[in-house]
file final-v4.cif (mmCIF, C-alpha atoms and all ligand atoms)
data_my_file
loop_
_atom_site.label_atom_id
_atom_site.label_comp_id
_atom_site.auth_asym_id
_atom_site.auth_seq_id
_atom_site.Cartn_x
_atom_site.Cartn_y
_atom_site.Cartn_z
CA MET A 1 -56.24 -54.70 -42.61
CA SER A 2 -56.58 -57.31 -45.37
CA ALA A 3 -53.52 -58.71 -47.09
CA GLU A 4 -54.57 -57.03 -50.31
CA ARG A 5 -54.93 -53.67 -48.61
CA ALA A 6 -51.53 -54.01 -46.98
CA GLU A 7 -50.03 -54.66 -50.39
CA HIS A 8 -51.62 -51.48 -51.73
CA ALA A 9 -50.28 -49.49 -48.86
CA VAL A 10 -46.73 -50.32 -49.83
CA ARG A 11 -47.18 -49.87 -53.58
CA ARG A 12 -44.33 -47.63 -54.72
CA ILE A 13 -45.52 -44.58 -56.62
CA GLY A 14 -43.37 -42.73 -59.14
CA ILE A 15 -44.40 -39.20 -60.09
CA LEU A 16 -42.88 -37.44 -63.09
CA GLY A 17 -42.45 -33.79 -62.12
CA GLY A 18 -41.13 -32.00 -59.09
CA GLY A 19 -43.60 -29.17 -58.64
CA GLN A 20 -46.20 -28.18 -56.09
CA LEU A 21 -48.81 -30.66 -57.30
CA GLY A 22 -46.48 -33.53 -56.48
CA ARG A 23 -45.57 -31.89 -53.20
CA MET A 24 -49.19 -31.62 -52.08
CA ALA A 25 -49.83 -35.21 -53.18
CA ILE A 26 -46.90 -36.37 -51.06
CA GLU A 27 -48.21 -34.40 -48.08
CA GLU A 28 -51.52 -36.28 -48.38
CA SER A 29 -49.86 -39.64 -49.01
CA ARG A 30 -48.19 -39.94 -45.63
CA LYS A 31 -51.33 -41.16 -43.92
CA TYR A 32 -51.37 -44.21 -46.22
CA LEU A 33 -47.67 -44.94 -45.63
CA ALA A 34 -47.17 -44.54 -49.36
CA HIS A 35 -43.68 -44.56 -50.79
CA ILE A 36 -43.26 -41.82 -53.39
CA GLU A 37 -40.34 -41.26 -55.76
CA VAL A 38 -40.14 -38.27 -58.07
CA LEU A 39 -38.32 -37.51 -61.27
CA THR A 40 -37.55 -33.82 -61.44
CA PRO A 41 -35.48 -31.72 -63.81
CA ASP A 42 -34.90 -29.16 -61.06
CA TYR A 43 -33.27 -29.88 -57.76
CA PRO A 44 -34.22 -28.83 -55.17
CA SER A 45 -37.87 -28.45 -56.10
CA PRO A 46 -41.19 -28.35 -54.19
CA ALA A 47 -41.75 -32.12 -54.43
CA SER A 48 -38.12 -33.18 -54.08
CA GLU A 49 -38.05 -31.79 -50.54
CA LEU A 50 -40.67 -34.31 -49.40
CA ALA A 51 -40.22 -37.33 -51.68
CA ASP A 52 -38.80 -40.60 -50.37
CA VAL A 53 -36.42 -40.85 -53.32
CA VAL A 54 -35.49 -38.12 -55.79
CA HIS A 55 -34.24 -38.79 -59.31
CA VAL A 56 -32.94 -35.84 -61.28
CA GLY A 57 -33.57 -36.04 -65.00
CA LYS A 58 -35.55 -34.72 -67.94
CA LEU A 59 -39.26 -35.53 -68.05
CA ASP A 60 -39.45 -35.57 -71.83
CA ASP A 61 -36.44 -37.85 -72.16
CA TYR A 62 -37.39 -41.43 -73.12
CA GLU A 63 -34.46 -43.08 -71.37
CA SER A 64 -34.62 -41.14 -68.14
CA VAL A 65 -38.35 -41.89 -67.76
CA LEU A 66 -37.81 -45.62 -68.41
CA GLU A 67 -34.95 -45.76 -65.95
CA PHE A 68 -36.92 -43.91 -63.29
CA ALA A 69 -39.87 -46.28 -63.67
CA GLN A 70 -37.78 -49.38 -62.90
CA ASP A 71 -37.96 -48.83 -59.17
CA VAL A 72 -41.69 -48.11 -58.84
CA ASP A 73 -44.96 -50.05 -59.23
CA VAL A 74 -47.13 -47.29 -60.66
CA VAL A 75 -46.10 -44.28 -62.72
CA SER A 76 -47.97 -40.98 -62.81
CA TYR A 77 -47.18 -37.38 -63.74
CA GLU A 78 -48.05 -33.96 -62.39
CA ILE A 79 -47.26 -32.08 -65.61
CA GLU A 80 -48.18 -32.80 -69.24
CA GLY A 81 -44.71 -32.28 -70.71
CA VAL A 82 -43.47 -35.85 -70.24
CA SER A 83 -42.38 -38.46 -72.79
CA VAL A 84 -45.57 -40.13 -74.03
CA GLU A 85 -43.43 -42.63 -75.95
CA ALA A 86 -41.79 -43.73 -72.70
CA LEU A 87 -45.20 -44.10 -71.05
CA ARG A 88 -46.38 -46.24 -73.98
CA GLU A 89 -43.29 -48.43 -73.67
CA LEU A 90 -43.91 -48.82 -69.92
CA GLU A 91 -47.46 -49.94 -70.66
CA ARG A 92 -46.10 -52.50 -73.13
CA ARG A 93 -43.86 -53.80 -70.36
CA GLY A 94 -46.86 -54.17 -68.06
CA LYS A 95 -46.21 -51.21 -65.78
CA ILE A 96 -49.28 -49.37 -64.50
CA VAL A 97 -49.35 -45.82 -65.89
CA ILE A 98 -52.04 -43.50 -64.51
CA PRO A 99 -53.47 -41.67 -66.40
CA SER A 100 -52.52 -43.89 -69.34
CA ALA A 101 -50.26 -42.84 -72.22
CA GLY A 102 -53.36 -42.79 -74.45
CA VAL A 103 -55.11 -40.38 -72.08
CA LEU A 104 -52.13 -38.04 -72.11
CA ALA A 105 -51.77 -38.25 -75.89
CA GLY A 106 -55.48 -37.44 -76.32
CA ILE A 107 -55.27 -34.44 -74.02
CA ARG A 108 -51.87 -32.96 -74.69
CA ASP A 109 -52.54 -32.15 -78.31
CA LYS A 110 -55.29 -29.62 -77.71
CA TYR A 111 -56.72 -30.14 -81.18
CA ALA A 112 -56.88 -33.91 -80.69
CA GLN A 113 -58.65 -33.19 -77.41
CA LYS A 114 -61.09 -30.95 -79.20
CA GLU A 115 -61.85 -33.67 -81.76
CA LEU A 116 -62.51 -36.17 -78.98
CA LEU A 117 -64.93 -33.79 -77.29
CA VAL A 118 -66.74 -33.08 -80.54
CA ALA A 119 -66.98 -36.80 -81.38
CA ALA A 120 -68.50 -37.42 -77.93
CA GLU A 121 -71.01 -34.59 -78.52
CA ILE A 122 -69.74 -32.60 -75.57
CA PRO A 123 -70.53 -28.91 -75.91
CA THR A 124 -67.36 -26.97 -76.78
CA ALA A 125 -66.39 -24.00 -78.97
CA ARG A 126 -66.00 -24.92 -82.65
CA ALA A 127 -62.40 -25.08 -83.85
CA VAL A 128 -60.48 -25.54 -87.11
CA LEU A 129 -56.83 -26.28 -87.77
CA VAL A 130 -54.55 -23.66 -89.24
CA ARG A 131 -53.22 -25.70 -92.16
CA ALA A 132 -49.97 -23.87 -92.73
CA ASP A 133 -48.69 -26.87 -94.75
CA LYS A 134 -51.51 -26.24 -97.25
CA GLY A 135 -50.69 -22.54 -97.54
CA GLU A 136 -53.61 -21.49 -95.34
CA ASP A 137 -53.25 -18.91 -92.62
CA VAL A 138 -55.13 -17.80 -89.53
CA ALA A 139 -57.46 -15.57 -91.58
CA ASP A 140 -58.53 -18.56 -93.72
CA ALA A 141 -59.18 -20.63 -90.62
CA ALA A 142 -61.03 -17.75 -88.96
CA SER A 143 -63.23 -17.20 -91.99
CA SER A 144 -64.40 -20.81 -91.88
CA LEU A 145 -65.61 -20.07 -88.33
CA GLY A 146 -67.45 -16.94 -89.46
CA GLY A 147 -64.55 -14.47 -89.05
CA PHE A 148 -62.75 -12.64 -86.26
CA PRO A 149 -62.54 -12.45 -83.29
CA VAL A 150 -61.12 -15.94 -82.79
CA VAL A 151 -58.86 -17.52 -80.23
CA GLN A 152 -55.70 -19.05 -81.64
CA LYS A 153 -54.17 -21.89 -79.63
CA ALA A 154 -50.90 -23.75 -79.99
CA ARG A 155 -51.66 -27.46 -80.40
CA SER A 156 -49.31 -28.35 -77.58
CA GLY A 157 -46.93 -26.86 -75.08
CA GLY A 158 -49.25 -24.09 -73.85
CA TYR A 159 -49.47 -23.48 -70.11
CA ASP A 160 -51.06 -20.78 -67.95
CA GLY A 161 -52.30 -18.88 -70.97
CA ARG A 162 -49.03 -19.06 -72.95
CA GLY A 163 -49.86 -20.48 -76.33
CA VAL A 164 -53.28 -18.77 -76.40
CA ALA A 165 -53.98 -15.53 -78.29
CA VAL A 166 -57.25 -13.67 -78.77
CA LEU A 167 -57.14 -12.26 -82.29
CA ASP A 168 -59.31 -9.37 -83.45
CA GLY A 169 -58.02 -9.42 -87.00
CA ALA A 170 -55.46 -10.88 -89.38
CA ALA A 171 -52.92 -8.17 -88.49
CA SER A 172 -52.65 -9.05 -84.83
CA GLY A 173 -49.07 -9.07 -83.58
CA LYS A 174 -49.96 -11.72 -80.99
CA MET A 175 -50.24 -14.48 -83.56
CA ILE A 176 -48.77 -17.87 -82.61
CA ARG A 177 -46.18 -19.34 -84.99
CA ALA A 178 -46.25 -22.94 -83.70
CA PRO A 179 -48.70 -25.54 -85.13
CA SER A 180 -52.08 -24.21 -84.05
CA PHE A 181 -55.80 -24.09 -84.48
CA VAL A 182 -58.36 -21.35 -84.08
CA GLU A 183 -61.47 -21.52 -82.01
CA GLU A 184 -64.64 -19.46 -81.81
CA PHE A 185 -64.35 -16.65 -79.32
CA VAL A 186 -66.70 -17.46 -76.45
CA ASP A 187 -68.39 -14.46 -74.92
CA PHE A 188 -68.37 -15.85 -71.42
CA GLU A 189 -69.87 -14.67 -68.18
CA ARG A 190 -67.66 -16.80 -65.96
CA GLU A 191 -64.97 -19.44 -66.16
CA LEU A 192 -65.80 -22.58 -64.23
CA ALA A 193 -64.04 -25.83 -63.39
CA VAL A 194 -65.00 -29.28 -62.20
CA VAL A 195 -62.36 -31.66 -60.87
CA VAL A 196 -63.19 -35.30 -61.60
CA ALA A 197 -61.46 -38.25 -59.96
CA ARG A 198 -61.69 -41.57 -61.79
CA ALA A 199 -60.46 -44.77 -60.17
CA PRO A 200 -59.13 -47.74 -62.13
CA GLY A 201 -62.29 -49.75 -62.67
CA GLY A 202 -64.37 -46.73 -63.53
CA ALA A 203 -65.76 -45.27 -60.30
CA THR A 204 -65.91 -41.49 -60.60
CA VAL A 205 -66.37 -38.61 -58.22
CA ALA A 206 -67.02 -35.02 -59.33
CA TYR A 207 -66.02 -32.08 -57.14
CA PRO A 208 -68.38 -29.15 -56.74
CA CYS A 209 -68.23 -26.74 -59.68
CA VAL A 210 -66.03 -23.74 -58.90
CA GLU A 211 -65.57 -20.32 -60.41
CA MET A 212 -62.10 -19.34 -61.62
CA VAL A 213 -60.97 -15.74 -61.69
CA PHE A 214 -58.04 -14.88 -63.94
CA ASP A 215 -55.32 -12.31 -63.47
CA GLU A 216 -55.43 -10.39 -66.74
CA ARG A 217 -51.82 -9.20 -66.36
CA ALA A 218 -50.37 -12.72 -66.33
CA ASN A 219 -53.30 -14.62 -67.91
CA MET A 220 -53.18 -17.12 -65.07
CA CYS A 221 -55.63 -18.29 -62.46
CA ASP A 222 -55.73 -15.81 -59.60
CA SER A 223 -58.45 -17.17 -57.37
CA VAL A 224 -61.12 -19.86 -57.17
CA LEU A 225 -64.49 -19.59 -55.48
CA ALA A 226 -66.36 -22.68 -54.30
CA PRO A 227 -69.18 -23.19 -54.99
CA ALA A 228 -69.57 -21.23 -58.24
CA ARG A 229 -72.33 -18.62 -58.28
CA ILE A 230 -74.46 -20.34 -60.93
CA SER A 231 -77.93 -21.86 -61.08
CA ASP A 232 -78.62 -25.46 -60.05
CA ALA A 233 -79.33 -26.36 -63.68
CA GLN A 234 -75.97 -24.90 -64.77
CA ARG A 235 -74.22 -26.74 -61.93
CA GLU A 236 -75.76 -30.03 -62.99
CA GLU A 237 -74.86 -29.40 -66.62
CA ALA A 238 -71.25 -28.52 -65.70
CA GLU A 239 -70.93 -31.71 -63.70
CA ARG A 240 -72.62 -33.85 -66.37
CA ILE A 241 -70.44 -32.68 -69.23
CA SER A 242 -67.27 -32.86 -67.12
CA LEU A 243 -67.92 -36.49 -66.26
CA ALA A 244 -68.81 -37.21 -69.89
CA ALA A 245 -65.62 -35.51 -71.12
CA VAL A 246 -63.41 -37.60 -68.82
CA GLU A 247 -65.26 -40.75 -69.87
CA ALA A 248 -64.76 -39.88 -73.55
CA ILE A 249 -61.03 -39.29 -73.11
CA CYS A 250 -60.63 -42.59 -71.25
CA ARG A 251 -62.66 -44.58 -73.82
CA ALA A 252 -60.60 -43.11 -76.68
CA ALA A 253 -57.37 -43.99 -74.86
CA GLU A 254 -58.52 -47.58 -74.47
CA SER A 255 -59.37 -47.84 -78.16
CA SER A 256 -55.89 -46.49 -78.97
CA GLY A 257 -54.41 -49.46 -77.08
CA SER A 258 -53.79 -48.16 -73.58
CA PRO A 259 -54.85 -50.50 -70.77
CA ALA A 260 -58.16 -49.81 -69.02
CA ALA A 261 -56.27 -49.89 -65.71
CA GLY A 262 -54.74 -46.56 -66.72
CA SER A 263 -58.12 -44.95 -67.43
CA ALA A 264 -57.88 -43.23 -64.10
CA GLY A 265 -56.61 -40.08 -62.50
CA VAL A 266 -57.59 -36.69 -61.23
CA PHE A 267 -58.78 -34.52 -64.10
CA ALA A 268 -59.62 -30.84 -64.14
CA VAL A 269 -62.27 -29.84 -66.64
CA GLU A 270 -62.16 -26.11 -67.38
CA LEU A 271 -65.46 -24.70 -68.60
CA PHE A 272 -67.05 -21.51 -69.86
CA LEU A 273 -70.43 -20.28 -68.77
CA ALA A 274 -71.37 -18.39 -71.93
CA ARG A 275 -73.53 -15.28 -71.74
CA SER A 276 -76.18 -17.30 -73.57
CA GLY A 277 -76.33 -19.52 -70.45
CA ASP A 278 -74.69 -22.51 -72.20
CA VAL A 279 -71.95 -24.41 -70.43
CA LEU A 280 -69.02 -25.37 -72.72
CA VAL A 281 -65.89 -27.39 -72.06
CA ASN A 282 -62.73 -25.32 -72.63
CA GLU A 283 -60.04 -27.87 -71.90
CA ILE A 284 -59.05 -30.76 -69.69
CA ALA A 285 -55.92 -31.31 -67.59
CA PRO A 286 -55.01 -34.92 -66.65
CA ARG A 287 -53.75 -34.08 -63.16
CA PRO A 288 -54.63 -32.35 -59.92
CA HIS A 289 -55.19 -28.70 -60.71
CA ASN A 290 -55.10 -25.22 -59.26
CA SER A 291 -58.90 -25.14 -59.45
CA GLY A 292 -59.02 -28.03 -56.94
CA HIS A 293 -56.67 -26.70 -54.25
CA PHE A 294 -59.64 -25.43 -52.22
CA SER A 295 -60.59 -29.09 -51.64
CA ILE A 296 -57.74 -29.58 -49.15
CA GLU A 297 -59.65 -27.66 -46.51
CA ALA A 298 -63.15 -27.49 -47.96
CA CYS A 299 -64.02 -31.02 -49.10
CA GLU A 300 -64.38 -34.34 -47.34
CA THR A 301 -61.56 -35.77 -49.48
CA SER A 302 -59.09 -33.44 -51.18
CA GLN A 303 -58.07 -33.81 -54.83
CA PHE A 304 -54.59 -34.86 -53.65
CA ASP A 305 -55.94 -37.46 -51.24
CA GLN A 306 -58.08 -38.77 -54.11
CA TYR A 307 -55.05 -38.87 -56.41
CA VAL A 308 -52.98 -40.87 -53.94
CA ARG A 309 -55.91 -43.21 -53.23
CA LEU A 310 -56.39 -44.06 -56.87
CA LEU A 311 -52.66 -44.56 -57.42
CA LEU A 312 -52.61 -46.95 -54.48
CA GLY A 313 -55.75 -48.79 -55.64
CA LEU A 314 -57.76 -47.57 -52.66
CA PRO A 315 -61.42 -46.52 -52.93
CA LEU A 316 -62.22 -42.90 -53.75
CA GLY A 317 -63.66 -40.71 -51.00
CA SER A 318 -66.54 -38.27 -51.03
CA ALA A 319 -65.88 -34.89 -52.66
CA ARG A 320 -68.68 -33.21 -50.71
CA LEU A 321 -68.14 -29.52 -50.03
CA GLN A 322 -68.11 -29.00 -46.29
CA SER A 323 -67.91 -25.24 -46.41
CA PRO A 324 -67.85 -22.44 -48.97
CA ALA A 325 -64.25 -21.49 -49.71
CA MET A 326 -62.05 -19.16 -51.66
CA MET A 327 -58.53 -20.09 -52.77
CA VAL A 328 -56.10 -17.36 -53.73
CA ASN A 329 -52.74 -17.96 -55.37
CA ILE A 330 -49.71 -16.41 -53.71
CA PHE A 331 -47.26 -14.98 -56.23
CA GLY A 332 -44.97 -12.01 -56.56
CA GLY A 333 -46.32 -9.00 -58.46
CA PRO A 334 -44.78 -7.47 -61.59
CA ASP A 335 -42.11 -5.73 -59.49
CA CYS A 336 -41.12 -8.54 -57.15
CA GLY A 337 -37.84 -9.14 -58.95
CA VAL A 338 -36.03 -12.46 -59.18
CA GLY A 339 -34.48 -14.15 -56.17
CA GLU A 340 -35.10 -16.18 -53.05
CA PRO A 341 -38.55 -15.27 -51.77
CA GLU A 342 -39.24 -13.94 -48.32
CA TYR A 343 -42.87 -14.04 -47.17
CA LEU A 344 -44.02 -11.02 -45.22
CA GLY A 345 -47.34 -10.73 -43.39
CA LEU A 346 -48.02 -14.45 -42.84
CA GLU A 347 -48.85 -13.89 -39.16
CA GLU A 348 -51.44 -11.26 -39.97
CA ALA A 349 -52.88 -13.36 -42.81
CA LEU A 350 -53.23 -16.42 -40.59
CA ALA A 351 -54.93 -14.32 -37.91
CA VAL A 352 -57.89 -13.93 -40.31
CA PRO A 353 -60.45 -16.58 -39.27
CA GLY A 354 -60.80 -19.65 -41.50
CA VAL A 355 -57.50 -19.12 -43.36
CA SER A 356 -54.91 -21.81 -44.20
CA ILE A 357 -51.68 -21.16 -46.07
CA HIS A 358 -49.66 -23.55 -48.25
CA LEU A 359 -46.17 -22.51 -49.36
CA TYR A 360 -44.50 -24.61 -52.02
CA GLY A 361 -40.86 -24.06 -51.08
CA LYS A 362 -39.74 -22.66 -54.43
CA ARG A 363 -36.21 -21.32 -54.16
CA GLU A 364 -36.71 -18.58 -56.68
CA ALA A 365 -39.46 -16.02 -57.05
CA ARG A 366 -40.18 -14.33 -60.37
CA PRO A 367 -43.02 -11.98 -61.30
CA PHE A 368 -46.28 -14.00 -61.33
CA ARG A 369 -44.63 -17.33 -60.50
CA LYS A 370 -46.96 -19.26 -58.18
CA LEU A 371 -45.23 -19.70 -54.82
CA GLY A 372 -48.12 -20.90 -52.71
CA HIS A 373 -51.81 -20.42 -52.09
CA LEU A 374 -54.19 -19.66 -49.28
CA THR A 375 -57.70 -20.91 -48.72
CA ALA A 376 -60.31 -19.18 -46.61
CA LEU A 377 -63.45 -20.95 -45.43
CA GLY A 378 -66.60 -19.02 -44.60
CA ALA A 379 -70.26 -19.55 -43.78
CA THR A 380 -71.13 -18.12 -47.22
CA PRO A 381 -69.13 -17.68 -50.45
CA GLU A 382 -69.13 -13.92 -49.74
CA GLU A 383 -67.62 -14.41 -46.29
CA ALA A 384 -65.00 -16.81 -47.65
CA ALA A 385 -64.11 -14.30 -50.39
CA ALA A 386 -63.86 -11.40 -47.93
CA ARG A 387 -61.60 -13.42 -45.64
CA ALA A 388 -59.39 -14.56 -48.53
CA GLU A 389 -58.99 -11.01 -49.77
CA ALA A 390 -58.26 -9.73 -46.25
CA ALA A 391 -55.58 -12.40 -45.79
CA ARG A 392 -54.10 -11.84 -49.23
CA ALA A 393 -53.74 -8.09 -48.57
CA HIS A 394 -51.33 -8.86 -45.70
CA ILE A 395 -48.96 -11.05 -47.73
CA LYS A 396 -46.04 -9.51 -49.57
CA ILE A 397 -43.26 -11.30 -51.43
CA ARG A 398 -39.81 -9.77 -51.13
CA CYS A 399 -36.79 -11.18 -52.93
CA ARG A 400 -33.56 -11.58 -51.02
P1 LIG A 501 -54.09 -22.69 -70.93
O1 LIG A 501 -53.88 -24.13 -71.22
O2 LIG A 501 -52.90 -21.87 -71.23
O3 LIG A 501 -54.71 -22.42 -69.59
P2 LIG A 501 -56.72 -22.08 -72.07
O4 LIG A 501 -57.24 -22.79 -73.26
O5 LIG A 501 -57.32 -22.42 -70.75
O6 LIG A 501 -55.13 -22.21 -72.05
O7 LIG A 501 -56.87 -20.53 -72.31
C1 LIG A 501 -56.42 -19.55 -71.40
C2 LIG A 501 -57.49 -18.49 -71.23
O8 LIG A 501 -57.80 -17.86 -72.49
C3 LIG A 501 -58.82 -19.04 -70.74
O9 LIG A 501 -58.85 -19.25 -69.37
C4 LIG A 501 -59.78 -17.97 -71.21
O10 LIG A 501 -59.76 -16.86 -70.34
C5 LIG A 501 -59.19 -17.56 -72.56
N1 LIG A 501 -59.82 -18.35 -73.65
C6 LIG A 501 -59.44 -19.58 -74.07
N2 LIG A 501 -60.26 -20.03 -75.05
C7 LIG A 501 -61.17 -19.07 -75.26
C8 LIG A 501 -62.29 -18.93 -76.15
N3 LIG A 501 -62.61 -19.86 -77.05
N4 LIG A 501 -63.03 -17.78 -76.07
C9 LIG A 501 -62.71 -16.81 -75.19
N5 LIG A 501 -61.66 -16.87 -74.33
C10 LIG A 501 -60.90 -17.98 -74.35
#
call {"tool": "encode", "arguments": {"input": "final-v4.cif", "output": "structure tokens"}}
result
Amino acid sequence: MSAERAEHAVRRIGILGGGQLGRMAIEESRKYLAHIEVLTPDYPSPASELADVVHVGKLDDYESVLEFAQDVDVVSYEIEGVSVEALRELERRGKIVIPSAGVLAGIRDKYAQKELLVAAEIPTARAVLVRADKGEDVADAASSLGGFPVVQKARSGGYDGRGVAVLDGAASGKMIRAPSFVEEFVDFERELAVVVARAPGGATVAYPCVEMVFDERANMCDSVLAPARISDAQREEAERISLAAVEAICRAAESSGSPAAGSAGVFAVELFLARSGDVLVNEIAPRPHNSGHFSIEACETSQFDQYVRLLLGLPLGSARLQSPAMMVNIFGGPDCGVGEPEYLGLEEALAVPGVSIHLYGKREARPFRKLGHLTALGATPEEAAARAEAARAHIKIRCR
């Protein structure tokens, strides 16, 4: 091992956020002897159980983020709701922030993100701001897009479908009151995603394009099928525009003053396959993502391994799909209640061939709260899907 490599292996990583994404990153980090500290508002939390050092504090609080960062060499985040101002200040002080403050600022405001995509000529649904300050309302914005239906989106703060409303007319009761924009309604055939890893220095790796299936009841991702059932041309287009979108976000961050060393990270690009056959970017997340969990078992290098590698300054690995796979989220149904979760049927689920289960260690279950996931491998996507569904049918969440 070279001296430089040894130094990377002991680089101290600080992750803002205490959820399952951090937890799975820590699980993958052990093989590199990485030291990981987390800042979490909740204790205990999925990542706090495994971190080397746990700091309890608010993620959107300037001071608590600055204080947390003192003890680490590189700062990252597993959730978007962190203090961008603190990240900018850390960059001024010479701390490595991955992805950079500029990347987060360009992504977190969904309208700013949209403008970046449009400026980079990346196909995406047209959008216009709802200029409430100018006395305009959703109907005015919708009419400039050709009328209803439109999709109204909060500029920031949305998560798992909160902050998104499909509006059929001006009288819809679902309307969002926060600063928002409206977007053309995309008549889509499927929702797709491509996870992109970008290392400091610019090397990129794209994961195979997957298909995301949503749970209508909770408007959250229910399952992910890899590879997506799309044509080769659509696959290539999805990959091309995902890489271009990440490049555009990174370039814009650099021109806003963030260091190029922070133009890195694991990004999830969510896409629509429109009924017309066009592939459009929906939105980008600057972190490992639910649509990439399948990669733990199905790819040569998982999204979490990739994340830890790039934080440590190690080379990215191959994202080659080794087997078709289906990932299914494990969450309590509408009637699961609130309380400490008990997992029934794990033995039966694990007896299904090709199935792995990841539980996140959340202390409290609530209806539709993600508590874990399972991934089934199969010789074909159909076999993987059948196994995942068979395993899922065995698992029940009961609250104590
Ligand atoms: P979130 O950040 O909450 O995941 P998204 O922008 O991904 O928000 O929207 C959530 C869901 O709403 C999408 O997965 C999709 O099903 C639907 N949706 C979002 N934008 C559009 C659109 N322009 N046309 C049709 N459906 C959309």
call {"tool": "closest_atom_pairs", "arguments": {"input": "final-v4.cif", "of": "chain A", "to": "ligand LIG 501 (chain A)", "cutoff": "8 Å", "atoms": "all atoms listed in the file", "output": "tab-separated table"}}
result
residue	atom	partner	partner_atom	distance
A:Ala125	CA	A:LIG501	N3	5.9
A:Val150	CA	A:LIG501	N3	7.1
A:Val151	CA	A:LIG501	N3	5.4
A:Lys153	CA	A:LIG501	O4	7.1
A:Gly158	CA	A:LIG501	O2	5.0
A:Tyr159	CA	A:LIG501	O2	4.0
A:Asp160	CA	A:LIG501	O2	3.9
A:Gly161	CA	A:LIG501	O2	3.1
A:Arg162	CA	A:LIG501	O2	5.1
A:Gly163	CA	A:LIG501	O2	6.1
A:Val164	CA	A:LIG501	O7	5.7
A:Ala165	CA	A:LIG501	O8	7.3
A:Val166	CA	A:LIG501	N5	7.0
A:Glu183	CA	A:LIG501	N3	5.4
A:Glu184	CA	A:LIG501	N3	5.2
A:Phe185	CA	A:LIG501	N4	3.7
A:Val186	CA	A:LIG501	N4	3.7
A:Asp187	CA	A:LIG501	C9	6.2
A:Phe188	CA	A:LIG501	C9	6.9
A:Glu191	CA	A:LIG501	O9	6.9
A:Phe214	CA	A:LIG501	O10	6.9
A:Asn219	CA	A:LIG501	C2	6.6
A:Met220	CA	A:LIG501	O3	7.1
A:Cys221	CA	A:LIG501	O9	7.7
A:Glu270	CA	A:LIG501	O5	7.0
A:Asn282	CA	A:LIG501	O4	6.1
A:Glu283	CA	A:LIG501	O4	6.0
call {"tool": "residues_around", "arguments": {"input": "final-v4.cif", "residues": "Leu50 of chain A", "least_positions_apart": "2", "cutoff": "8 Å", "atoms": "only C-alpha atoms", "output": "ChimeraX atom specification"}}
result
/A:23,26-27,46-48,52
call {"tool": "closest_residue", "arguments": {"input": "final-v4.cif", "among": "A:Ser45, A:Asn290, A:Gln113, A:Ser263", "to": "Val328 of chain A", "atoms": "all atoms listed in the file"}}
result
A:Asn290
call {"tool": "closest_residue", "arguments": {"input": "final-v4.cif", "among": "A:Ile36, A:Val128, A:Leu145, A:Ala261", "to": "Ser100 of chain A", "atoms": "all atoms listed in the file"}}
result
A:Ala261
call {"tool": "atom_distance", "arguments": {"input": "final-v4.cif", "atom1": "atom CA of Tyr111 of chain A", "atom2": "atom CA of Gln152 of chain A"}}
result
11.1 Å
call {"tool": "atom_distance", "arguments": {"input": "final-v4.cif", "atom1": "atom CA of Asp168 of chain A", "atom2": "atom CA of Leu192 of chain A"}}
result
24.2 Å
call {"tool": "closest_residue", "arguments": {"input": "final-v4.cif", "among": "A:Phe368, A:Tyr360, A:Phe304, A:Phe331", "to": "Glu28 of chain A", "atoms": "all atoms listed in the file"}}
result
A:Phe304
call {"tool": "residues_around", "arguments": {"input": "final-v4.cif", "residues": "Ile79 of chain A", "least_positions_apart": "6", "cutoff": "8 Å", "atoms": "all atoms listed in the file", "output": "ChimeraX atom specification"}}
result
/A:16-17,287
call {"tool": "closest_residue", "arguments": {"input": "final-v4.cif", "among": "A:Gly57, A:Gly14, A:Gly146, A:Gly19", "to": "Gly361 of chain A", "atoms": "only C-alpha atoms"}}
result
A:Gly19
call {"tool": "atom_distance", "arguments": {"input": "final-v4.cif", "atom1": "atom CA of Val352 of chain A", "atom2": "atom CA of His293 of chain A"}}
result
18.9 Å
call {"tool": "closest_residue", "arguments": {"input": "final-v4.cif", "among": "A:Glu348, A:Glu247, A:Asp71, A:Glu300", "to": "Ala390 of chain A", "atoms": "all atoms listed in the file"}}
result
A:Glu348
call {"tool": "closest_residue", "arguments": {"input": "final-v4.cif", "among": "A:Arg11, A:Arg177, A:Lys31, A:Arg93", "to": "Val130 of chain A", "atoms": "only C-alpha atoms"}}
result
A:Arg177
call {"tool": "residues_around", "arguments": {"input": "final-v4.cif", "residues": "segment 375-388 of chain A", "least_positions_apart": "3", "cutoff": "10 Å", "atoms": "only C-alpha atoms", "output": "ChimeraX atom specification"}}
result
/A:223-229,293-298,322-329,349-350,352-358,391-393
call {"tool": "residues_around", "arguments": {"input": "final-v4.cif", "residues": "Val338 of chain A", "least_positions_apart": "2", "cutoff": "9 Å", "atoms": "all atoms listed in the file", "output": "PyMOL selection string"}}
result
chain A and resi 336+340-341+364-367+399-400
call {"tool": "write_last_selection", "arguments": {"input": "final-v4.cif", "atoms": "C-alpha atoms", "output": "compact mmCIF listing (two decimals), keeping the file's coordinate frame"}}
result
# COMPACT_ATOMS: atom_id res chain seq x y z
CA CYS A 336 -41.12 -8.54 -57.15
CA GLU A 340 -35.10 -16.18 -53.05
CA PRO A 341 -38.55 -15.27 -51.77
CA GLU A 364 -36.71 -18.58 -56.68
CA ALA A 365 -39.46 -16.02 -57.05
CA ARG A 366 -40.18 -14.33 -60.37
CA PRO A 367 -43.02 -11.98 -61.30
CA CYS A 399 -36.79 -11.18 -52.93
CA ARG A 400 -33.56 -11.58 -51.02
